[in-house]
Amino acid sequence: MSVLKIIEIMGESSKGWEDATDEAVTEAAKSVKNIRSVWVKDQSATVKGGKIDSYRVTCKITFAVES
């Protein structure tokens, strides 16, 4: 049986929500091993000059805890 843990982090990108999610997972993987899944809980964007400036996601990342 595996023990799983969930952390919540935010990702940001100027390209899009998918890239923001990828950035969040990539950053988490620098310090968290055994990532199993990511769930995008929320999406938002910042606007400058009437155009989207950056895309943001709040993600829940699930990983296996080593025993």
# chains A, B, ... in the order shown; residues from 1 in each chain; ligands from 1
$ residues_around --residues "range 37-47 of chain A" --least-positions-apart "6" --cutoff "8 Å" --atoms "only C-alpha atoms" --output "ChimeraX atom specification"
/A:17,21,25,53-63
$ write_last_selection --atoms "C-alpha atoms" --output "PDB file, in the first residue's frame"
ATOM      1  CA  TRP A  17      -2.599  27.825 -18.430  1.00  0.00           C
ATOM      2  CA  THR A  21       0.701  23.955 -14.922  1.00  0.00           C
ATOM      3  CA  VAL A  25       5.039  20.607 -11.735  1.00  0.00           C
ATOM      4  CA  ASP A  53      -0.277  39.500 -19.231  1.00  0.00           C
ATOM      5  CA  SER A  54       0.177  36.229 -17.317  1.00  0.00           C
ATOM      6  CA  TYR A  55      -1.725  33.025 -16.665  1.00  0.00           C
ATOM      7  CA  ARG A  56      -1.876  31.535 -13.177  1.00  0.00           C
ATOM      8  CA  VAL A  57      -2.997  28.158 -11.875  1.00  0.00           C
ATOM      9  CA  THR A  58      -3.455  26.777  -8.400  1.00  0.00           C
ATOM     10  CA  CYS A  59      -2.535  23.097  -8.462  1.00  0.00           C
ATOM     11  CA  LYS A  60      -2.788  20.162  -6.091  1.00  0.00           C
ATOM     12  CA  ILE A  61       0.144  17.830  -6.635  1.00  0.00           C
ATOM     13  CA  THR A  62      -0.038  14.251  -5.356  1.00  0.00           C
ATOM     14  CA  PHE A  63       3.095  12.283  -4.578  1.00  0.00           C
TER      15      PHE A  63
END
$ select_by_dssp --residues "chain A" --states "strand (DSSP E or B)" --output "ChimeraX atom specification"
/A:3-13,35-48,51-65
$ select_by_dssp --residues "chain A" --states "alpha helix (DSSP H)" --output "list in words"
Trp17, Glu18, Asp19, Ala20, Thr21, Asp22, Glu23, Ala24, Val25, Thr26, Glu27, Ala28 and Ala29 of chain A
$ atom_distance --atom1 "CA of Glu66 in chain A" --atom2 "CA of Val3 in chain A"
7.8 Å
$ atom_distance --atom1 "CA of Lys33 in chain A" --atom2 "CA of Ser2 in chain A"
13.8 Å
$ closest_residue --among "A:Lys48, A:Arg36, A:Met10, A:Lys5" --to "Ala24 in chain A" --atoms "only C-alpha atoms"
A:Met10
$ closest_residue --among "A:Ile9, A:Met1, A:Ile52, A:Ala64" --to "Ala28 in chain A" --atoms "only C-alpha atoms"
A:Ile9
